[in-house]
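> Enclosed is the structure file target.pdb (PDB, C-alpha atoms, pLDDT in the B column).
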```
ATOM      1  CA  MET B   1       3.052  14.137   3.927  1.00 57.00           C
ATOM      2  CA  LEU B   2       3.747  16.914   6.396  1.00 71.00           C
ATOM      3  CA  LEU B   3       6.285  14.979   8.488  1.00 78.00           C
ATOM      4  CA  PRO B   4       8.783  12.379   7.331  1.00 82.00           C
ATOM      5  CA  GLN B   5       8.017   8.861   8.515  1.00 78.00           C
ATOM      6  CA  GLU B   6      11.212   8.697  10.531  1.00 81.00           C
ATOM      7  CA  VAL B   7       9.998  11.530  12.782  1.00 87.00           C
ATOM      8  CA  THR B   8       6.940   9.555  13.879  1.00 86.00           C
ATOM      9  CA  VAL B   9       8.747   6.293  14.679  1.00 88.00           C
ATOM     10  CA  ILE B  10       9.437   6.976  18.374  1.00 90.00           C
ATOM     11  CA  PRO B  11       5.926   8.233  19.270  1.00 91.00           C
ATOM     12  CA  GLN B  12       4.399   5.302  17.398  1.00 90.00           C
ATOM     13  CA  TYR B  13       6.705   2.851  19.157  1.00 93.00           C
ATOM     14  CA  VAL B  14       5.720   4.248  22.558  1.00 94.00           C
ATOM     15  CA  LEU B  15       2.026   4.074  21.626  1.00 93.00           C
ATOM     16  CA  PHE B  16       2.199   0.530  20.272  1.00 93.00           C
ATOM     17  CA  THR B  17       4.168  -0.662  23.309  1.00 94.00           C
ATOM     18  CA  ARG B  18       1.631   0.840  25.716  1.00 95.00           C
ATOM     19  CA  ILE B  19      -1.330  -0.797  23.990  1.00 95.00           C
ATOM     20  CA  GLY B  20       0.443  -4.166  23.906  1.00 93.00           C
ATOM     21  CA  TRP B  21       1.226  -4.389  20.207  1.00 92.00           C
ATOM     22  CA  SER B  22       4.984  -4.765  20.564  1.00 89.00           C
ATOM     23  CA  ASP B  23       6.400  -7.893  18.922  1.00 90.00           C
ATOM     24  CA  THR B  24       3.208  -8.479  16.917  1.00 91.00           C
ATOM     25  CA  TRP B  25       2.262  -7.797  13.319  1.00 89.00           C
ATOM     26  CA  LEU B  26      -0.474  -5.349  14.349  1.00 91.00           C
ATOM     27  CA  PRO B  27       1.726  -2.209  14.101  1.00 90.00           C
ATOM     28  CA  LEU B  28       2.475  -3.203  10.511  1.00 88.00           C
ATOM     29  CA  MET B  29      -1.099  -4.056   9.516  1.00 87.00           C
ATOM     30  CA  VAL B  30      -3.422  -1.617  11.295  1.00 88.00           C
ATOM     31  CA  PRO B  31      -1.976   1.880  10.525  1.00 85.00           C
ATOM     32  CA  PRO B  32      -2.185   1.516   6.709  1.00 82.00           C
ATOM     33  CA  TRP B  33      -5.935   0.899   7.046  1.00 80.00           C
ATOM     34  CA  PHE B  34      -6.388   4.476   8.210  1.00 79.00           C
ATOM     35  CA  GLY B  35      -5.160   5.819   4.893  1.00 74.00           C
ATOM     36  CA  TRP B  36      -2.017   7.379   3.603  1.00 81.00           C
ATOM     37  CA  PRO B  37      -2.337  11.050   2.658  1.00 82.00           C
ATOM     38  CA  PHE B  38      -1.089  10.464  -0.877  1.00 84.00           C
ATOM     39  CA  PHE B  39      -3.726   7.805  -1.525  1.00 88.00           C
ATOM     40  CA  ILE B  40      -6.498   9.934  -0.080  1.00 89.00           C
ATOM     41  CA  PHE B  41      -5.422  12.831  -2.290  1.00 89.00           C
ATOM     42  CA  LEU B  42      -5.122  10.592  -5.371  1.00 87.00           C
ATOM     43  CA  LEU B  43      -8.591   9.109  -4.916  1.00 90.00           C
ATOM     44  CA  ARG B  44     -10.111  12.511  -4.168  1.00 91.00           C
ATOM     45  CA  GLN B  45      -8.683  13.950  -7.364  1.00 89.00           C
ATOM     46  CA  PHE B  46      -9.928  10.974  -9.342  1.00 88.00           C
ATOM     47  CA  PHE B  47     -13.437  11.187  -7.878  1.00 90.00           C
ATOM     48  CA  MET B  48     -13.556  14.921  -8.558  1.00 90.00           C
ATOM     49  CA  GLY B  49     -12.984  14.113 -12.241  1.00 87.00           C
ATOM     50  CA  ILE B  50     -16.042  11.845 -12.487  1.00 87.00           C
ATOM     51  CA  PRO B  51     -18.884  13.870 -14.033  1.00 88.00           C
ATOM     52  CA  ARG B  52     -21.696  14.723 -11.645  1.00 88.00           C
ATOM     53  CA  GLU B  53     -24.188  14.124 -14.440  1.00 89.00           C
ATOM     54  CA  LEU B  54     -23.668  10.364 -14.082  1.00 87.00           C
ATOM     55  CA  ASP B  55     -24.975  10.505 -10.512  1.00 87.00           C
ATOM     56  CA  GLU B  56     -27.886  12.704 -11.508  1.00 89.00           C
ATOM     57  CA  ALA B  57     -28.866  10.469 -14.436  1.00 90.00           C
ATOM     58  CA  ALA B  58     -28.785   7.381 -12.228  1.00 90.00           C
ATOM     59  CA  ARG B  59     -30.792   9.173  -9.554  1.00 91.00           C
ATOM     60  CA  LEU B  60     -33.419  10.102 -12.184  1.00 92.00           C
ATOM     61  CA  ASP B  61     -33.581   6.440 -13.213  1.00 91.00           C
ATOM     62  CA  GLY B  62     -34.413   5.560  -9.605  1.00 91.00           C
ATOM     63  CA  ALA B  63     -31.078   4.225  -8.397  1.00 89.00           C
ATOM     64  CA  SER B  64     -30.258   4.448  -4.700  1.00 92.00           C
ATOM     65  CA  SER B  65     -26.997   5.878  -3.402  1.00 91.00           C
ATOM     66  CA  LEU B  66     -25.597   2.399  -2.798  1.00 93.00           C
ATOM     67  CA  ARG B  67     -26.552   1.307  -6.327  1.00 93.00           C
ATOM     68  CA  ILE B  68     -24.881   4.409  -7.796  1.00 91.00           C
ATOM     69  CA  LEU B  69     -21.729   3.650  -5.824  1.00 91.00           C
ATOM     70  CA  TRP B  70     -21.702  -0.043  -6.743  1.00 92.00           C
ATOM     71  CA  ASN B  71     -22.702   0.160 -10.416  1.00 90.00           C
ATOM     72  CA  ILE B  72     -21.290   3.513 -11.543  1.00 89.00           C
ATOM     73  CA  ILE B  73     -18.605   4.939  -9.271  1.00 90.00           C
ATOM     74  CA  LEU B  74     -16.682   1.749  -8.411  1.00 90.00           C
ATOM     75  CA  PRO B  75     -16.417   0.443 -12.008  1.00 88.00           C
ATOM     76  CA  LEU B  76     -15.177   3.860 -13.124  1.00 88.00           C
ATOM     77  CA  SER B  77     -12.656   4.004 -10.290  1.00 88.00           C
ATOM     78  CA  LYS B  78     -11.009   0.609 -10.914  1.00 87.00           C
ATOM     79  CA  PRO B  79      -7.864   2.200 -12.405  1.00 85.00           C
ATOM     80  CA  ALA B  80      -7.407   4.553  -9.444  1.00 86.00           C
ATOM     81  CA  LEU B  81      -8.070   1.788  -6.935  1.00 88.00           C
ATOM     82  CA  ALA B  82      -5.626  -0.523  -8.738  1.00 85.00           C
ATOM     83  CA  THR B  83      -2.998   2.224  -8.564  1.00 84.00           C
ATOM     84  CA  VAL B  84      -3.565   2.613  -4.821  1.00 87.00           C
ATOM     85  CA  VAL B  85      -3.451  -1.154  -4.245  1.00 85.00           C
ATOM     86  CA  ILE B  86      -0.200  -1.567  -6.180  1.00 84.00           C
ATOM     87  CA  PHE B  87       1.508   1.371  -4.466  1.00 85.00           C
ATOM     88  CA  ALA B  88       0.297   0.269  -1.007  1.00 86.00           C
ATOM     89  CA  PHE B  89       1.376  -3.329  -1.544  1.00 87.00           C
ATOM     90  CA  ILE B  90       4.827  -2.366  -2.778  1.00 85.00           C
ATOM     91  CA  GLY B  91       5.229   0.174   0.035  1.00 84.00           C
ATOM     92  CA  ASN B  92       4.275  -2.328   2.720  1.00 86.00           C
ATOM     93  CA  TRP B  93       6.160  -5.235   1.170  1.00 87.00           C
ATOM     94  CA  ASN B  94       9.399  -3.266   0.930  1.00 85.00           C
ATOM     95  CA  ASN B  95       9.066  -1.773   4.402  1.00 86.00           C
ATOM     96  CA  PHE B  96      12.277  -2.349   6.321  1.00 88.00           C
ATOM     97  CA  LEU B  97      12.356   0.233   9.111  1.00 88.00           C
ATOM     98  CA  TYR B  98       9.096  -0.503  10.916  1.00 89.00           C
ATOM     99  CA  PRO B  99       9.410  -4.313  11.047  1.00 90.00           C
ATOM    100  CA  LEU B 100      12.978  -3.905  12.254  1.00 89.00           C
ATOM    101  CA  ILE B 101      11.785  -1.704  15.124  1.00 90.00           C
ATOM    102  CA  TYR B 102       8.445  -3.265  16.106  1.00 90.00           C
ATOM    103  CA  ILE B 103       9.192  -6.995  15.737  1.00 90.00           C
ATOM    104  CA  ARG B 104      11.892  -8.489  17.950  1.00 88.00           C
ATOM    105  CA  THR B 105      11.567 -12.257  17.499  1.00 89.00           C
ATOM    106  CA  MET B 106      13.007 -13.773  14.337  1.00 85.00           C
ATOM    107  CA  ASP B 107      10.120 -16.169  13.669  1.00 87.00           C
ATOM    108  CA  LYS B 108       7.773 -13.192  13.144  1.00 87.00           C
ATOM    109  CA  GLN B 109      10.178 -11.110  11.069  1.00 86.00           C
ATOM    110  CA  VAL B 110       9.254 -10.084   7.508  1.00 87.00           C
ATOM    111  CA  LEU B 111      11.239 -11.071   4.421  1.00 85.00           C
ATOM    112  CA  ALA B 112      12.965  -7.714   3.927  1.00 84.00           C
ATOM    113  CA  VAL B 113      14.533  -7.913   7.382  1.00 86.00           C
ATOM    114  CA  ALA B 114      15.270 -11.633   7.034  1.00 82.00           C
ATOM    115  CA  LEU B 115      17.105 -10.904   3.785  1.00 82.00           C
ATOM    116  CA  ASN B 116      19.326  -8.483   5.683  1.00 82.00           C
ATOM    117  CA  MET B 117      20.202 -11.280   8.117  1.00 79.00           C
ATOM    118  CA  PHE B 118      22.071 -13.090   5.320  1.00 76.00           C
ATOM    119  CA  ARG B 119      24.836 -10.533   5.641  1.00 76.00           C
ATOM    120  CA  GLY B 120      27.535 -11.298   8.118  1.00 69.00           C
ATOM    121  CA  ALA B 121      28.557  -9.127  11.052  1.00 66.00           C
ATOM    122  CA  TYR B 122      31.247  -7.386   9.015  1.00 70.00           C
ATOM    123  CA  GLY B 123      29.358  -7.070   5.741  1.00 70.00           C
ATOM    124  CA  ASN B 124      30.552 -10.325   4.220  1.00 77.00           C
ATOM    125  CA  ALA B 125      27.767 -12.395   2.710  1.00 75.00           C
ATOM    126  CA  ASN B 126      26.950 -15.518   0.785  1.00 78.00           C
ATOM    127  CA  TYR B 127      25.794 -13.762  -2.331  1.00 82.00           C
ATOM    128  CA  GLN B 128      24.336 -16.835  -3.984  1.00 85.00           C
ATOM    129  CA  TYR B 129      21.891 -17.239  -1.086  1.00 82.00           C
ATOM    130  CA  MET B 130      21.132 -13.529  -0.981  1.00 84.00           C
ATOM    131  CA  MET B 131      20.273 -13.505  -4.696  1.00 87.00           C
ATOM    132  CA  ALA B 132      18.009 -16.536  -4.328  1.00 87.00           C
ATOM    133  CA  VAL B 133      16.134 -14.977  -1.415  1.00 84.00           C
ATOM    134  CA  SER B 134      16.015 -11.627  -3.242  1.00 88.00           C
ATOM    135  CA  LEU B 135      14.246 -13.338  -6.120  1.00 90.00           C
ATOM    136  CA  LEU B 136      11.734 -14.856  -3.704  1.00 87.00           C
ATOM    137  CA  VAL B 137      11.135 -11.433  -2.153  1.00 87.00           C
ATOM    138  CA  LEU B 138      10.654  -9.891  -5.597  1.00 89.00           C
ATOM    139  CA  LEU B 139       8.219 -12.476  -7.018  1.00 91.00           C
ATOM    140  CA  PRO B 140       5.037 -11.369  -5.158  1.00 90.00           C
ATOM    141  CA  VAL B 141       5.627  -7.742  -6.169  1.00 87.00           C
ATOM    142  CA  LEU B 142       6.044  -8.754  -9.806  1.00 89.00           C
ATOM    143  CA  LEU B 143       2.884 -10.863  -9.697  1.00 89.00           C
ATOM    144  CA  VAL B 144       0.801  -8.046  -8.216  1.00 85.00           C
ATOM    145  CA  PHE B 145       2.154  -5.594 -10.762  1.00 82.00           C
ATOM    146  CA  PHE B 146       1.618  -7.905 -13.755  1.00 86.00           C
ATOM    147  CA  PHE B 147      -1.972  -8.669 -12.765  1.00 83.00           C
ATOM    148  CA  GLY B 148      -2.756  -5.005 -12.109  1.00 78.00           C
ATOM    149  CA  GLN B 149      -0.635  -3.505 -14.890  1.00 80.00           C
ATOM    150  CA  ARG B 150      -3.492  -2.868 -17.327  1.00 78.00           C
ATOM    151  CA  LEU B 151      -5.555  -0.993 -14.742  1.00 75.00           C
ATOM    152  CA  PHE B 152      -2.450   0.716 -13.362  1.00 72.00           C
ATOM    153  CA  VAL B 153      -1.440   2.120 -16.757  1.00 76.00           C
ATOM    154  CA  ARG B 154      -5.025   3.176 -17.451  1.00 71.00           C
ATOM    155  CA  GLY B 155      -5.145   4.924 -14.056  1.00 64.00           C
ATOM    156  CA  ILE B 156      -1.921   6.807 -14.744  1.00 65.00           C
ATOM    157  CA  ALA B 157      -3.226   7.839 -18.172  1.00 66.00           C
ATOM    158  CA  LEU B 158      -6.603   8.976 -16.813  1.00 60.00           C
ATOM    159  CA  THR B 159      -5.126  11.130 -14.066  1.00 56.00           C
ATOM    160  CA  GLY B 160      -3.140  13.100 -16.646  1.00 52.00           C
ATOM    161  CA  ILE B 161      -6.069  13.794 -18.990  1.00 51.00           C
ATOM    162  CA  LYS B 162      -8.350  16.743 -18.360  1.00 51.00           C
ATOM    163  CA  GLY B 163     -11.320  17.116 -20.678  1.00 48.00           C
TER     164      GLY B 163
END
```
What's the structure tokens form of this structure?


Amino acid sequence: MLLPQEVTVIPQYVLFTRIGWSDTWLPLMVPPWFGWPFFIFLLRQFFMGIPRELDEAARLDGASSLRILWNIILPLSKPALATVVIFAFIGNWNNFLYPLIYIRTMDKQVLAVALNMFRGAYGNANYQYMMAVSLLVLLPVLLVFFFGQRLFVRGIALTGIKG
């Protein structure tokens, strides 16, 4: 959140090339596992809103820390986790810059970059093919959103309520 993503592209490219990750999907898959600052902040704020008394009551009932996490904290945090999953999926699915830079061979290219290949060298395109491929690119995002919509809306509503 401190630096724009475009500023970190060259240092990341140098790093990924030196460790042998160039022309693989690893530069696209591994960095998101280390957390995006917005998601860390969102989950922190959500967890700060969970009453501490729930932990204490479960501890008095004899629950271990793992049991408290599994049976109390995770069910309460489903809306926040669904929000993070939907935002992360859409952000990674629509990523154009990083696959364009890190992946050189066309058989490994992602759909967003492949869709751009339908344009001609001078901007002319077969729009009927572009629209068909655009629909195929859009379908997984719609499916993820429709299946997570209930939790997503509940997560948005819960983050705005202070009680």

> Pick out the residues sitting within 8 Å of Thr24 in chain B, and hand them over as a list in words; count all atoms listed in the file, and ignore anything fewer than 4 positions along from it in its own chain.

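With the cut-off at 8 Å, the set is Tyr102, Ile103 and Lys108 of chain B.
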
> List every protein, DNA or RNA residue with an atom no more than 8 Å from (7.2, -11.1, 18.4) in the file's coordinates, counting only C-alpha atoms, and format the result as a list of chain:residue names.

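The residues near that point, listed by chain and number, are B:Ser22, B:Asp23, B:Thr24, B:Trp25, B:Ile103, B:Arg104, B:Thr105, B:Met106, B:Asp107, B:Lys108, B:Gln109.
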
> Let's have the selection written as an mmCIF file, keeping the file's coordinate frame, with C-alpha atoms.


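out07.cif was written with the following content:
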```
data_model
loop_
_atom_site.group_PDB
_atom_site.id
_atom_site.type_symbol
_atom_site.label_atom_id
_atom_site.label_comp_id
_atom_site.auth_asym_id
_atom_site.auth_seq_id
_atom_site.Cartn_x
_atom_site.Cartn_y
_atom_site.Cartn_z
ATOM 1 C CA SER B 22 4.984 -4.765 20.564
ATOM 2 C CA ASP B 23 6.400 -7.893 18.922
ATOM 3 C CA THR B 24 3.208 -8.479 16.917
ATOM 4 C CA TRP B 25 2.262 -7.797 13.319
ATOM 5 C CA ILE B 103 9.192 -6.995 15.737
ATOM 6 C CA ARG B 104 11.892 -8.489 17.950
ATOM 7 C CA THR B 105 11.567 -12.257 17.499
ATOM 8 C CA MET B 106 13.007 -13.773 14.337
ATOM 9 C CA ASP B 107 10.120 -16.169 13.669
ATOM 10 C CA LYS B 108 7.773 -13.192 13.144
ATOM 11 C CA GLN B 109 10.178 -11.110 11.069
#
```

> Run the PyMOL selection byres ((chain B and resi 87) around 12) mentally over the shown coordinates, then write out the matched residues as JSON, numbers by chain, using the chain letters and numbers from the document.

{"B": [32, 36, 38, 39, 42, 80, 81, 82, 83, 84, 85, 86, 88, 89, 90, 91, 92, 93, 94, 141, 144, 145, 148, 149, 152]}

> Given the file above and the PyMOL selection byres ((chain B and resi 77) around 12), which residues are selected, and can you give them as a PyMOL selection string?

chain B and resi 42-50+69-76+78-84+151-152+154-156+158-159

> Would you mind listing what lies within 12 Å of Glu56 in chain B as an MDAnalysis selection string, with only C-alpha atoms counted and same-chain residues fewer than 6 positions away left out?

chainID B and resid 50 62:65 68 72

> For the residues in that selection, give me C-alpha atoms as a PDB file, keeping the file's coordinate frame.


```pdb
ATOM      1  CA  ILE B  50     -16.042  11.845 -12.487  1.00 87.00           C
ATOM      2  CA  GLY B  62     -34.413   5.560  -9.605  1.00 91.00           C
ATOM      3  CA  ALA B  63     -31.078   4.225  -8.397  1.00 89.00           C
ATOM      4  CA  SER B  64     -30.258   4.448  -4.700  1.00 92.00           C
ATOM      5  CA  SER B  65     -26.997   5.878  -3.402  1.00 91.00           C
ATOM      6  CA  ILE B  68     -24.881   4.409  -7.796  1.00 91.00           C
ATOM      7  CA  ILE B  72     -21.290   3.513 -11.543  1.00 89.00           C
TER       8      ILE B  72
END
```

> Could you list, as a PyMOL selection string, every residue within 7 Å of Pro27 in chain B, counting only C-alpha atoms and ignoring same-chain residues fewer than 4 positions away?

chain B and resi 16+21+31

> Just the number, please: distance in Å from CA of Phe146 in chain B to CA of Tyr129 in chain B, one decimal.

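We find that CA of Phe146 in chain B and CA of Tyr129 in chain B lie 25.7 Å from each other.
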
> Enter the distance from CA of Arg67 in chain B to CA of Leu54 in chain B, in Å, rounded to one decimal.

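CA of Leu54 in chain B lies 12.3 Å from CA of Arg67 in chain B.
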
> Using only C-alpha atoms, what residues lie at most 12 Å away from (-0.1, 4.3, 15.8) (file coordinates), given as a list in words?

Gln5, Thr8, Val9, Ile10, Pro11, Gln12, Tyr13, Val14, Leu15, Phe16, Thr17, Arg18, Ile19, Gly20, Trp21, Ser22, Leu26, Pro27, Leu28, Met29, Val30, Pro31, Pro32, Trp33, Phe34, Tyr98 and Tyr102 of chain B

> Could you jot down the CA of Met130 in chain B to CA of Leu115 in chain B separation for me, Å, one decimal place?

6.8 Å

> Take range 45-77 of chain B, model N, CA and C atoms, and hand the result over as a JSON list (two decimals), in the frame of the given file.


```json
[["chain", "number", "residue", "atom", "x", "y", "z"],
["B", 45, "GLN", "N", -8.84, 13.32, -6.05],
["B", 45, "GLN", "CA", -8.68, 13.95, -7.36],
["B", 45, "GLN", "C", -9.36, 13.12, -8.45],
["B", 46, "PHE", "N", -9.28, 11.82, -8.34],
["B", 46, "PHE", "CA", -9.93, 10.97, -9.34],
["B", 46, "PHE", "C", -11.44, 11.10, -9.26],
["B", 47, "PHE", "N", -11.98, 11.08, -8.03],
["B", 47, "PHE", "CA", -13.44, 11.19, -7.88],
["B", 47, "PHE", "C", -13.95, 12.56, -8.29],
["B", 48, "MET", "N", -13.14, 13.58, -8.11],
["B", 48, "MET", "CA", -13.56, 14.92, -8.56],
["B", 48, "MET", "C", -13.66, 14.99, -10.08],
["B", 49, "GLY", "N", -12.95, 14.12, -10.78],
["B", 49, "GLY", "CA", -12.98, 14.11, -12.24],
["B", 49, "GLY", "C", -14.16, 13.34, -12.82],
["B", 50, "ILE", "N", -14.87, 12.58, -11.99],
["B", 50, "ILE", "CA", -16.04, 11.84, -12.49],
["B", 50, "ILE", "C", -17.19, 12.84, -12.64],
["B", 51, "PRO", "N", -17.82, 12.88, -13.81],
["B", 51, "PRO", "CA", -18.88, 13.87, -14.03],
["B", 51, "PRO", "C", -20.07, 13.67, -13.09],
["B", 52, "ARG", "N", -20.56, 14.74, -12.57],
["B", 52, "ARG", "CA", -21.70, 14.72, -11.64],
["B", 52, "ARG", "C", -22.98, 14.29, -12.35],
["B", 53, "GLU", "N", -23.00, 14.47, -13.67],
["B", 53, "GLU", "CA", -24.19, 14.12, -14.44],
["B", 53, "GLU", "C", -24.48, 12.62, -14.39],
["B", 54, "LEU", "N", -23.45, 11.81, -14.20],
["B", 54, "LEU", "CA", -23.67, 10.36, -14.08],
["B", 54, "LEU", "C", -24.49, 10.04, -12.84],
["B", 55, "ASP", "N", -24.19, 10.69, -11.74],
["B", 55, "ASP", "CA", -24.98, 10.50, -10.51],
["B", 55, "ASP", "C", -26.41, 10.97, -10.71],
["B", 56, "GLU", "N", -26.55, 12.14, -11.32],
["B", 56, "GLU", "CA", -27.89, 12.70, -11.51],
["B", 56, "GLU", "C", -28.73, 11.84, -12.44],
["B", 57, "ALA", "N", -28.13, 11.33, -13.51],
["B", 57, "ALA", "CA", -28.87, 10.47, -14.44],
["B", 57, "ALA", "C", -29.30, 9.17, -13.75],
["B", 58, "ALA", "N", -28.43, 8.60, -12.95],
["B", 58, "ALA", "CA", -28.78, 7.38, -12.23],
["B", 58, "ALA", "C", -29.86, 7.66, -11.19],
["B", 59, "ARG", "N", -29.78, 8.80, -10.55],
["B", 59, "ARG", "CA", -30.79, 9.17, -9.55],
["B", 59, "ARG", "C", -32.16, 9.34, -10.23],
["B", 60, "LEU", "N", -32.17, 9.94, -11.44],
["B", 60, "LEU", "CA", -33.42, 10.10, -12.18],
["B", 60, "LEU", "C", -33.99, 8.75, -12.62],
["B", 61, "ASP", "N", -33.13, 7.78, -12.85],
["B", 61, "ASP", "CA", -33.58, 6.44, -13.21],
["B", 61, "ASP", "C", -34.05, 5.64, -12.00],
["B", 62, "GLY", "N", -33.91, 6.20, -10.81],
["B", 62, "GLY", "CA", -34.41, 5.56, -9.60],
["B", 62, "GLY", "C", -33.38, 4.76, -8.83],
["B", 63, "ALA", "N", -32.12, 4.96, -9.11],
["B", 63, "ALA", "CA", -31.08, 4.22, -8.40],
["B", 63, "ALA", "C", -30.83, 4.84, -7.02],
["B", 64, "SER", "N", -30.58, 3.97, -6.04],
["B", 64, "SER", "CA", -30.26, 4.45, -4.70],
["B", 64, "SER", "C", -28.79, 4.85, -4.66],
["B", 65, "SER", "N", -28.39, 5.45, -3.55],
["B", 65, "SER", "CA", -27.00, 5.88, -3.40],
["B", 65, "SER", "C", -26.04, 4.69, -3.43],
["B", 66, "LEU", "N", -26.44, 3.59, -2.79],
["B", 66, "LEU", "CA", -25.60, 2.40, -2.80],
["B", 66, "LEU", "C", -25.48, 1.81, -4.21],
["B", 67, "ARG", "N", -26.58, 1.82, -4.95],
["B", 67, "ARG", "CA", -26.55, 1.31, -6.33],
["B", 67, "ARG", "C", -25.68, 2.18, -7.22],
["B", 68, "ILE", "N", -25.73, 3.49, -7.03],
["B", 68, "ILE", "CA", -24.88, 4.41, -7.80],
["B", 68, "ILE", "C", -23.41, 4.13, -7.49],
["B", 69, "LEU", "N", -23.11, 3.95, -6.21],
["B", 69, "LEU", "CA", -21.73, 3.65, -5.82],
["B", 69, "LEU", "C", -21.27, 2.33, -6.43],
["B", 70, "TRP", "N", -22.10, 1.29, -6.32],
["B", 70, "TRP", "CA", -21.70, -0.04, -6.74],
["B", 70, "TRP", "C", -21.65, -0.20, -8.26],
["B", 71, "ASN", "N", -22.60, 0.40, -8.97],
["B", 71, "ASN", "CA", -22.70, 0.16, -10.42],
["B", 71, "ASN", "C", -22.09, 1.25, -11.28],
["B", 72, "ILE", "N", -21.83, 2.42, -10.72],
["B", 72, "ILE", "CA", -21.29, 3.51, -11.54],
["B", 72, "ILE", "C", -19.92, 3.96, -11.05],
["B", 73, "ILE", "N", -19.84, 4.34, -9.79],
["B", 73, "ILE", "CA", -18.60, 4.94, -9.27],
["B", 73, "ILE", "C", -17.48, 3.91, -9.17],
["B", 74, "LEU", "N", -17.75, 2.75, -8.57],
["B", 74, "LEU", "CA", -16.68, 1.75, -8.41],
["B", 74, "LEU", "C", -16.15, 1.20, -9.74],
["B", 75, "PRO", "N", -17.00, 0.87, -10.72],
["B", 75, "PRO", "CA", -16.42, 0.44, -12.01],
["B", 75, "PRO", "C", -15.58, 1.52, -12.69],
["B", 76, "LEU", "N", -15.97, 2.78, -12.54],
["B", 76, "LEU", "CA", -15.18, 3.86, -13.12],
["B", 76, "LEU", "C", -13.87, 4.08, -12.38],
["B", 77, "SER", "N", -13.85, 3.73, -11.09],
["B", 77, "SER", "CA", -12.66, 4.00, -10.29],
["B", 77, "SER", "C", -11.71, 2.81, -10.19]]
```
